[in-house]
Amino acid sequence: MYKYLIVAVTLFVSLGSFAQEGTTSPYSFYGLGELKFKGTVENRSMGGISMLSDSIHLNLQNPAGLSRLKLVTYAIGGSYKSNKLATDSQTESLSTGTLDYLAIGIPMGKFAGSFGLLPYTSVGYKLKSSENEENRQYTGSGGVNKVFMALAYSVTPELSLGVDASYNFGKVENTVFIENGLDLSTGRIDNSAISGFNFNFGAQYKTMVSTNLELSSAISFTPKTDLTTENTRELFTILVNPDTGGQVIIDKRDLPVANAAITLPSKLTLGMGIGKPKNWFIGGEYTNLKTSKFSNPTTSNITNVSFKDASSIKFGGYFIPQYNSFSNYWKRVVYKAGIRFEETGLQINGEDINEFGISFGVSLPVGKVFSNVNLGLEVGRRGTKNQGLVQENFFNTFISLSLNDKWFQKKYYD
């Protein structure tokens with residue numbers, strides 16, 4: 001137990017280095033950035049479905065799933081994304097790696113709790129535009145993280161309820177630099193410090209419908225909430241040496257900018273699946289996100305962009321050849337796959353920015369208990385080349401550790 005606690009404490013101490021720039025997408029320019037997946041590698045490898053919970057893995061998407069835990073569980077996961085950006089005339093390949101989550105779950109009889117840290121949004125873009133001999137360079141960085149605490153309760157062996165509370169915090173910086181062919185160029189830096197709370201409620205129901213088949217269903221709901229922002233704006237003028245290209249800031253001014261509230265939309269997720277416990281499972285899930293209610297005063301002046309309600313459909317499952325095999329290791333490996341279709345709700349120049357992904361993964365048992373290493377990959381596409389936009393073809397790889405331990409064991413021998 002103690003070695004796991006040391007690992008967990010060490011990782012929490014590194015909170016300041018928790019990755020925020022976990023994206024290279026130009027679409028992170030809009031809103032609060034790219035919305036990050038809130039879940040474990042185990043769920044992500046199955047298309048991202050969240051209705052599935054068991055006794056040795058955390059469920060970060062639906063807090064009701066914590067009630068299934070039988071062992072203390074430590075979870076840490078990261079990912080590496082390779083992204084190919086393409087327009088009608090240009091292509092560019094970029095990559096980034098991030099720490100995706102860090103969490104601990106603790107069973108307490110009919111109750112179970114968890115706490116942890118994960119990213120909510122990520123901003124990371126570099127864009128250029130040219131018009132009437134004026135060149136503009138846009139860069140952005142930062143994002144919003146979540147510290148959360150969750151609690152679940154088993155109402156009956158079949159029904160469980162849960163709630164999690166999250167404190168959102170982070171900083172987003174957006175910079176624009178304007179060159180017009182003259183010796184003097186201008187720029188602007190906008191900074192927003194973001195903070196606020198939100199809640200997520202969940203329920204799960206499992207029941208045997210025959211001797212071997214178990215039906216699983218789940219629902220989760222996140223109400224609309226407001227985050228506060230503390231905004232600053234800085235204007236600067238740069239003198240450009242036409243011979244050397246060197247740049248010197250000759251004037252810098254801070255402008256007053258009013259603080260504002262950012263409205264985060266409500267989210268509803270419904271899921272259902274069927275399977276044979278400890279052998280196979282297949283399920284589907286639908287999510288609706290009221291993105292049309294999203295408001296961000298910082299980007300409200302962009303005229304060619306609008307938000308509509310977002311939605312997603314996900315399908316996924318797993319297969320275990322023989323979970324209790326002692327003679328063949330690979331029969332105890334969990335094999336996973338999934339597929340997802342998403343309407344992000346972002347609309348640019350009249351074009352919907354949609355996303356599609358196919359995922360695969362394995363959970364590899366380690367040690368003498370129920371711990372495992374989870375590996376996954378996903379290939380997919382986001383966006384379109386129409387109307388001068390960017391199409392992203394991405395390849396994601398994931399890795400996580402799910403470590404299990406028993407606390408408060410009574411010792412019969414010293």
# chains A, B, ... in the order shown; residues from 1 in each chain; ligands from 1
$ residues_around --residues "stretch 157-173 of chain A" --least-positions-apart "4" --cutoff "7 Å" --atoms "only C-alpha atoms" --output "JSON, numbers by chain"
{"A": [63, 64, 67, 140, 141, 142, 143, 144, 145, 146, 147, 148, 149, 150, 151, 152, 153, 190, 191, 192, 193, 194, 195, 196, 197, 198, 199, 200, 201, 202, 203, 204, 205, 206, 207]}
$ write_last_selection --atoms "N, CA and C atoms" --output "short mmCIF file (atom, residue, chain, number, x, y, z; two decimals), in the first residue's frame"
data_model
loop_
_atom_site.label_atom_id
_atom_site.label_comp_id
_atom_site.auth_asym_id
_atom_site.auth_seq_id
_atom_site.Cartn_x
_atom_site.Cartn_y
_atom_site.Cartn_z
N PRO A 63 -19.98 9.01 -12.02
CA PRO A 63 -19.56 8.77 -10.63
C PRO A 63 -20.26 7.59 -9.98
N ALA A 64 -21.44 7.19 -10.47
CA ALA A 64 -22.14 6.05 -9.88
C ALA A 64 -21.34 4.76 -10.02
N SER A 67 -19.29 2.76 -7.10
CA SER A 67 -19.86 1.85 -6.12
C SER A 67 -19.49 0.40 -6.38
N GLY A 140 -1.86 30.56 -29.52
CA GLY A 140 -2.62 30.37 -28.29
C GLY A 140 -2.05 29.22 -27.48
N SER A 141 -2.18 29.32 -26.18
CA SER A 141 -1.69 28.26 -25.30
C SER A 141 -2.49 28.26 -24.00
N GLY A 142 -2.37 27.17 -23.25
CA GLY A 142 -3.03 27.06 -21.96
C GLY A 142 -4.17 26.08 -21.98
N GLY A 143 -5.12 26.27 -21.09
CA GLY A 143 -6.26 25.37 -20.98
C GLY A 143 -6.84 25.40 -19.59
N VAL A 144 -7.83 24.56 -19.37
CA VAL A 144 -8.53 24.47 -18.09
C VAL A 144 -8.39 23.05 -17.55
N ASN A 145 -8.04 22.93 -16.28
CA ASN A 145 -7.93 21.65 -15.61
C ASN A 145 -9.04 21.49 -14.58
N LYS A 146 -9.23 20.24 -14.12
CA LYS A 146 -10.23 19.93 -13.10
C LYS A 146 -9.58 19.20 -11.94
N VAL A 147 -9.88 19.65 -10.72
CA VAL A 147 -9.66 18.84 -9.53
C VAL A 147 -11.04 18.38 -9.07
N PHE A 148 -11.23 17.08 -8.90
CA PHE A 148 -12.57 16.59 -8.60
C PHE A 148 -12.59 15.68 -7.38
N MET A 149 -13.75 15.61 -6.76
CA MET A 149 -14.05 14.64 -5.71
C MET A 149 -15.40 14.02 -6.03
N ALA A 150 -15.49 12.70 -5.88
CA ALA A 150 -16.72 11.99 -6.24
C ALA A 150 -17.14 11.05 -5.12
N LEU A 151 -18.44 10.81 -5.03
CA LEU A 151 -18.99 9.90 -4.03
C LEU A 151 -20.11 9.09 -4.67
N ALA A 152 -20.11 7.78 -4.39
CA ALA A 152 -21.13 6.89 -4.93
C ALA A 152 -21.75 6.07 -3.81
N TYR A 153 -23.00 5.62 -4.03
CA TYR A 153 -23.71 4.82 -3.04
C TYR A 153 -24.49 3.72 -3.73
N ASP A 190 -3.97 38.69 -25.07
CA ASP A 190 -5.12 38.56 -24.18
C ASP A 190 -4.90 37.38 -23.25
N ASN A 191 -5.04 37.62 -21.96
CA ASN A 191 -4.92 36.56 -20.96
C ASN A 191 -6.22 36.44 -20.18
N SER A 192 -6.65 35.20 -19.96
CA SER A 192 -7.85 34.94 -19.17
C SER A 192 -7.53 33.90 -18.12
N ALA A 193 -7.68 34.27 -16.85
CA ALA A 193 -7.57 33.33 -15.74
C ALA A 193 -8.98 32.84 -15.41
N ILE A 194 -9.19 31.54 -15.47
CA ILE A 194 -10.54 30.95 -15.42
C ILE A 194 -10.68 30.11 -14.16
N SER A 195 -11.83 30.21 -13.50
CA SER A 195 -12.06 29.39 -12.32
C SER A 195 -13.56 29.23 -12.08
N GLY A 196 -13.92 28.18 -11.35
CA GLY A 196 -15.32 27.95 -11.02
C GLY A 196 -15.60 26.48 -10.76
N PHE A 197 -16.77 26.20 -10.17
CA PHE A 197 -17.17 24.84 -9.82
C PHE A 197 -18.24 24.32 -10.80
N ASN A 198 -18.30 23.01 -10.95
CA ASN A 198 -19.44 22.38 -11.61
C ASN A 198 -19.65 20.98 -11.03
N PHE A 199 -20.82 20.41 -11.31
CA PHE A 199 -21.21 19.13 -10.73
C PHE A 199 -21.65 18.16 -11.82
N ASN A 200 -21.53 16.87 -11.53
CA ASN A 200 -21.95 15.83 -12.45
C ASN A 200 -22.67 14.75 -11.63
N PHE A 201 -23.88 14.37 -12.07
CA PHE A 201 -24.69 13.38 -11.37
C PHE A 201 -24.83 12.13 -12.24
N GLY A 202 -24.83 10.95 -11.61
CA GLY A 202 -24.91 9.73 -12.39
C GLY A 202 -25.69 8.63 -11.70
N ALA A 203 -26.17 7.69 -12.50
CA ALA A 203 -26.84 6.49 -12.00
C ALA A 203 -26.51 5.33 -12.91
N GLN A 204 -26.36 4.15 -12.32
CA GLN A 204 -26.12 2.93 -13.08
C GLN A 204 -27.03 1.82 -12.56
N TYR A 205 -27.46 0.96 -13.50
CA TYR A 205 -28.32 -0.16 -13.13
C TYR A 205 -27.86 -1.40 -13.88
N LYS A 206 -27.63 -2.49 -13.13
CA LYS A 206 -27.22 -3.75 -13.72
C LYS A 206 -28.14 -4.85 -13.22
N THR A 207 -28.53 -5.75 -14.12
CA THR A 207 -29.37 -6.87 -13.71
C THR A 207 -29.15 -8.05 -14.66
#
$ closest_residue --among "A:Gly345, A:Pro265, A:Gly357, A:Gly367" --to "A:Asn396" --atoms "only C-alpha atoms"
A:Gly357
$ atom_distance --atom1 "atom CA of A:Gly388" --atom2 "atom CA of A:Glu131"
14.2 Å
$ residues_around --residues "A:Asn354" --least-positions-apart "6" --cutoff "8 Å" --atoms "only C-alpha atoms" --output "PyMOL selection string"
chain A and resi 341-345+382-383
$ write_last_selection --atoms "C-alpha atoms" --output "compact mmCIF listing (two decimals), in the first residue's frame"
# COMPACT_ATOMS: atom_id res chain seq x y z
CA PHE A 341 -19.18 9.68 -34.30
CA GLU A 342 -19.27 13.24 -32.92
CA GLU A 343 -20.81 16.54 -33.93
CA THR A 344 -18.67 19.01 -31.99
CA GLY A 345 -21.23 21.83 -32.22
CA ARG A 382 -11.82 15.96 -37.58
CA GLY A 383 -12.96 18.90 -39.68
$ select_by_dssp --residues "stretch 65-242 of chain A" --states "helix (DSSP H, G or I)" --output "list in words"
Gly65, Leu66, Ser67 and Arg68 of chain A
$ residues_around --residues "A:Ala258" --least-positions-apart "4" --cutoff "9 Å" --atoms "only C-alpha atoms" --output "PDB file with C-alpha atoms, in the first residue's frame"
ATOM      1  CA  GLU A 230     -10.153  37.610 -14.861  1.00  0.00           C
ATOM      2  CA  ASN A 231      -9.036  39.202 -18.119  1.00  0.00           C
ATOM      3  CA  THR A 232      -6.047  41.336 -19.068  1.00  0.00           C
TER       4      THR A 232
END
$ residues_around --residues "stretch 319-331 of chain A" --least-positions-apart "6" --cutoff "8 Å" --atoms "only C-alpha atoms" --output "MDAnalysis selection string"
chainID A and resid 278:281
$ write_last_selection --atoms "C-alpha atoms" --output "PDB file, in the first residue's frame"
ATOM      1  CA  LYS A 278     -15.988 -11.549 -17.079  1.00  0.00           C
ATOM      2  CA  ASN A 279     -16.254 -12.796 -20.670  1.00  0.00           C
ATOM      3  CA  TRP A 280     -17.656 -10.225 -23.128  1.00  0.00           C
ATOM      4  CA  PHE A 281     -19.633  -7.006 -23.355  1.00  0.00           C
TER       5      PHE A 281
END
$ residues_around --residues "stretch 100-108 of chain A" --least-positions-apart "3" --cutoff "6 Å" --atoms "only C-alpha atoms" --output "PDB file with N, CA and C atoms, in the first residue's frame"
ATOM      1  N   LEU A  69     -16.472  -0.643  -6.957  1.00  0.00           N
ATOM      2  CA  LEU A  69     -15.102  -0.910  -6.531  1.00  0.00           C
ATOM      3  C   LEU A  69     -15.060  -1.819  -5.304  1.00  0.00           C
ATOM      4  N   LYS A  70     -14.128  -2.787  -5.324  1.00  0.00           N
ATOM      5  CA  LYS A  70     -13.878  -3.660  -4.186  1.00  0.00           C
ATOM      6  C   LYS A  70     -12.474  -3.478  -3.623  1.00  0.00           C
ATOM      7  N   VAL A  72      -8.979  -0.636  -3.311  1.00  0.00           N
ATOM      8  CA  VAL A  72      -8.457   0.707  -3.531  1.00  0.00           C
ATOM      9  C   VAL A  72      -7.747   0.719  -4.885  1.00  0.00           C
ATOM     10  N   THR A  73      -8.049   1.722  -5.700  1.00  0.00           N
ATOM     11  CA  THR A  73      -7.539   1.758  -7.076  1.00  0.00           C
ATOM     12  C   THR A  73      -6.842   3.079  -7.348  1.00  0.00           C
ATOM     13  N   TYR A  74      -5.616   2.992  -7.846  1.00  0.00           N
ATOM     14  CA  TYR A  74      -4.843   4.150  -8.269  1.00  0.00           C
ATOM     15  C   TYR A  74      -4.794   4.117  -9.794  1.00  0.00           C
ATOM     16  N   ALA A  75      -5.075   5.244 -10.424  1.00  0.00           N
ATOM     17  CA  ALA A  75      -5.093   5.276 -11.886  1.00  0.00           C
ATOM     18  C   ALA A  75      -4.327   6.492 -12.388  1.00  0.00           C
ATOM     19  N   ILE A  76      -3.465   6.256 -13.354  1.00  0.00           N
ATOM     20  CA  ILE A  76      -2.740   7.341 -14.016  1.00  0.00           C
ATOM     21  C   ILE A  76      -2.648   6.992 -15.499  1.00  0.00           C
ATOM     22  N   GLY A  77      -2.892   7.982 -16.357  1.00  0.00           N
ATOM     23  CA  GLY A  77      -2.878   7.717 -17.789  1.00  0.00           C
ATOM     24  C   GLY A  77      -2.339   8.892 -18.581  1.00  0.00           C
ATOM     25  N   GLY A  78      -1.739   8.594 -19.710  1.00  0.00           N
ATOM     26  CA  GLY A  78      -1.217   9.611 -20.609  1.00  0.00           C
ATOM     27  C   GLY A  78      -1.427   9.215 -22.050  1.00  0.00           C
ATOM     28  N   PHE A 111     -20.641   2.660   0.239  1.00  0.00           N
ATOM     29  CA  PHE A 111     -20.153   3.905  -0.330  1.00  0.00           C
ATOM     30  C   PHE A 111     -18.809   3.668  -1.019  1.00  0.00           C
ATOM     31  N   ALA A 112     -18.456   4.607  -1.884  1.00  0.00           N
ATOM     32  CA  ALA A 112     -17.121   4.637  -2.492  1.00  0.00           C
ATOM     33  C   ALA A 112     -16.822   6.081  -2.865  1.00  0.00           C
ATOM     34  N   GLY A 113     -15.571   6.461  -2.755  1.00  0.00           N
ATOM     35  CA  GLY A 113     -15.179   7.821  -3.091  1.00  0.00           C
ATOM     36  C   GLY A 113     -13.953   7.846  -3.971  1.00  0.00           C
ATOM     37  N   SER A 114     -13.714   8.964  -4.594  1.00  0.00           N
ATOM     38  CA  SER A 114     -12.514   9.134  -5.412  1.00  0.00           C
ATOM     39  C   SER A 114     -12.175  10.615  -5.490  1.00  0.00           C
ATOM     40  N   PHE A 115     -10.945  10.895  -5.835  1.00  0.00           N
ATOM     41  CA  PHE A 115     -10.523  12.255  -6.103  1.00  0.00           C
ATOM     42  C   PHE A 115      -9.377  12.203  -7.093  1.00  0.00           C
ATOM     43  N   GLY A 116      -9.159  13.300  -7.797  1.00  0.00           N
ATOM     44  CA  GLY A 116      -8.105  13.287  -8.792  1.00  0.00           C
ATOM     45  C   GLY A 116      -8.023  14.577  -9.578  1.00  0.00           C
ATOM     46  N   LEU A 117      -7.249  14.517 -10.636  1.00  0.00           N
ATOM     47  CA  LEU A 117      -6.945  15.666 -11.482  1.00  0.00           C
ATOM     48  C   LEU A 117      -6.967  15.236 -12.937  1.00  0.00           C
ATOM     49  N   LEU A 118      -7.570  16.052 -13.790  1.00  0.00           N
ATOM     50  CA  LEU A 118      -7.588  15.769 -15.221  1.00  0.00           C
ATOM     51  C   LEU A 118      -7.823  17.063 -15.991  1.00  0.00           C
TER      52      LEU A 118
END
$ closest_residue --among "A:Thr186, A:Asn62, A:Thr263, A:Asn135" --to "A:Asn43" --atoms "only C-alpha atoms"
A:Asn62
$ residues_around --residues "A:Thr269" --least-positions-apart "5" --cutoff "10 Å" --atoms "only C-alpha atoms" --output "PyMOL selection string"
chain A and resi 49-51+61-62+202+218-222+285-289+311-313
$ closest_residue --among "A:Leu35, A:Leu94, A:Leu184, A:Leu255" --to "A:Tyr80" --atoms "only C-alpha atoms"
A:Leu94
$ closest_residue --among "A:Phe370, A:Lys385, A:Glu351, A:Ile249" --to "A:Gly187" --atoms "only C-alpha atoms"
A:Ile249
$ closest_residue --among "A:Leu375, A:Ile399, A:Ile238, A:Val305" --to "A:Gly350" --atoms "only C-alpha atoms"
A:Val305
$ decode --residues "stretch 104-148 of chain A" --atoms "N, CA and C atoms" --output "compact mmCIF listing (two decimals), in the first residue's frame"
# COMPACT_ATOMS: atom_id res chain seq x y z
N ILE A 104 -7.53 8.46 -7.58
CA ILE A 104 -7.56 7.39 -6.60
C ILE A 104 -9.02 7.11 -6.24
N GLY A 105 -9.41 5.83 -6.19
CA GLY A 105 -10.74 5.43 -5.77
C GLY A 105 -10.66 4.55 -4.53
N ILE A 106 -11.58 4.77 -3.57
CA ILE A 106 -11.55 4.06 -2.29
C ILE A 106 -12.93 3.50 -1.99
N PRO A 107 -13.09 2.16 -1.93
CA PRO A 107 -14.37 1.57 -1.53
C PRO A 107 -14.58 1.67 -0.03
N MET A 108 -15.83 1.93 0.40
CA MET A 108 -16.16 2.08 1.81
C MET A 108 -17.52 1.44 2.08
N GLY A 109 -17.59 0.11 1.95
CA GLY A 109 -18.86 -0.58 2.12
C GLY A 109 -19.80 -0.27 0.98
N LYS A 110 -21.00 0.24 1.34
CA LYS A 110 -21.95 0.63 0.30
C LYS A 110 -21.56 1.94 -0.38
N PHE A 111 -20.64 2.66 0.24
CA PHE A 111 -20.15 3.90 -0.33
C PHE A 111 -18.81 3.67 -1.02
N ALA A 112 -18.46 4.61 -1.88
CA ALA A 112 -17.12 4.64 -2.49
C ALA A 112 -16.82 6.08 -2.87
N GLY A 113 -15.57 6.46 -2.76
CA GLY A 113 -15.18 7.82 -3.09
C GLY A 113 -13.95 7.85 -3.97
N SER A 114 -13.71 8.96 -4.59
CA SER A 114 -12.51 9.13 -5.41
C SER A 114 -12.18 10.61 -5.49
N PHE A 115 -10.94 10.89 -5.83
CA PHE A 115 -10.52 12.25 -6.10
C PHE A 115 -9.38 12.20 -7.09
N GLY A 116 -9.16 13.30 -7.80
CA GLY A 116 -8.10 13.29 -8.79
C GLY A 116 -8.02 14.58 -9.58
N LEU A 117 -7.25 14.52 -10.64
CA LEU A 117 -6.94 15.67 -11.48
C LEU A 117 -6.97 15.24 -12.94
N LEU A 118 -7.57 16.05 -13.79
CA LEU A 118 -7.59 15.77 -15.22
C LEU A 118 -7.82 17.06 -15.99
N PRO A 119 -7.42 17.12 -17.26
CA PRO A 119 -7.65 18.33 -18.06
C PRO A 119 -9.10 18.39 -18.53
N TYR A 120 -9.63 19.61 -18.66
CA TYR A 120 -10.97 19.82 -19.19
C TYR A 120 -10.91 20.33 -20.62
N THR A 121 -10.10 21.36 -20.87
CA THR A 121 -9.90 21.84 -22.24
C THR A 121 -8.41 22.11 -22.45
N SER A 122 -8.01 22.20 -23.71
CA SER A 122 -6.62 22.47 -24.03
C SER A 122 -6.55 23.40 -25.23
N VAL A 123 -5.64 24.38 -25.15
CA VAL A 123 -5.44 25.36 -26.23
C VAL A 123 -4.01 25.25 -26.72
N GLY A 124 -3.82 25.13 -28.01
CA GLY A 124 -2.49 25.07 -28.59
C GLY A 124 -2.56 25.22 -30.10
N TYR A 125 -2.35 26.41 -30.61
CA TYR A 125 -2.46 26.64 -32.05
C TYR A 125 -1.48 27.72 -32.50
N LYS A 126 -1.12 27.66 -33.79
CA LYS A 126 -0.34 28.69 -34.46
C LYS A 126 -0.93 28.86 -35.85
N LEU A 127 -1.46 30.04 -36.13
CA LEU A 127 -2.15 30.29 -37.39
C LEU A 127 -1.59 31.54 -38.05
N LYS A 128 -1.68 31.56 -39.39
CA LYS A 128 -1.26 32.73 -40.16
C LYS A 128 -2.33 33.05 -41.19
N SER A 129 -2.50 34.36 -41.45
CA SER A 129 -3.41 34.79 -42.51
C SER A 129 -2.83 36.02 -43.19
N SER A 130 -3.12 36.17 -44.48
CA SER A 130 -2.63 37.31 -45.25
C SER A 130 -3.79 37.94 -46.01
N GLU A 131 -3.87 39.27 -45.94
CA GLU A 131 -4.93 39.99 -46.64
C GLU A 131 -4.52 41.43 -46.83
N ASN A 132 -4.55 41.91 -48.09
CA ASN A 132 -4.21 43.30 -48.42
C ASN A 132 -2.84 43.69 -47.88
N GLU A 133 -1.85 42.85 -48.15
CA GLU A 133 -0.46 43.08 -47.73
C GLU A 133 -0.30 43.16 -46.21
N GLU A 134 -1.24 42.60 -45.52
CA GLU A 134 -1.15 42.57 -44.05
C GLU A 134 -1.09 41.11 -43.61
N ASN A 135 -0.06 40.79 -42.86
CA ASN A 135 0.13 39.42 -42.35
C ASN A 135 -0.22 39.39 -40.87
N ARG A 136 -1.02 38.39 -40.50
CA ARG A 136 -1.40 38.23 -39.10
C ARG A 136 -0.96 36.84 -38.61
N GLN A 137 -0.38 36.82 -37.43
CA GLN A 137 0.02 35.57 -36.81
C GLN A 137 -0.75 35.42 -35.49
N TYR A 138 -1.42 34.27 -35.34
CA TYR A 138 -2.19 34.00 -34.14
C TYR A 138 -1.57 32.81 -33.41
N THR A 139 -1.37 32.95 -32.12
CA THR A 139 -0.88 31.83 -31.31
C THR A 139 -1.71 31.77 -30.03
N GLY A 140 -1.86 30.56 -29.52
CA GLY A 140 -2.62 30.37 -28.29
C GLY A 140 -2.05 29.22 -27.48
N SER A 141 -2.18 29.32 -26.18
CA SER A 141 -1.69 28.26 -25.30
C SER A 141 -2.49 28.26 -24.00
N GLY A 142 -2.37 27.17 -23.25
CA GLY A 142 -3.03 27.06 -21.96
C GLY A 142 -4.17 26.08 -21.98
N GLY A 143 -5.12 26.27 -21.09
CA GLY A 143 -6.26 25.37 -20.98
C GLY A 143 -6.84 25.40 -19.59
N VAL A 144 -7.83 24.56 -19.37
CA VAL A 144 -8.53 24.47 -18.09
C VAL A 144 -8.39 23.05 -17.55
N ASN A 145 -8.04 22.93 -16.28
CA ASN A 145 -7.93 21.65 -15.61
C ASN A 145 -9.04 21.49 -14.58
N LYS A 146 -9.23 20.24 -14.12
CA LYS A 146 -10.23 19.93 -13.10
C LYS A 146 -9.58 19.20 -11.94
N VAL A 147 -9.88 19.65 -10.72
CA VAL A 147 -9.66 18.84 -9.53
C VAL A 147 -11.04 18.38 -9.07
N PHE A 148 -11.23 17.08 -8.90
CA PHE A 148 -12.57 16.59 -8.60
C PHE A 148 -12.59 15.68 -7.38
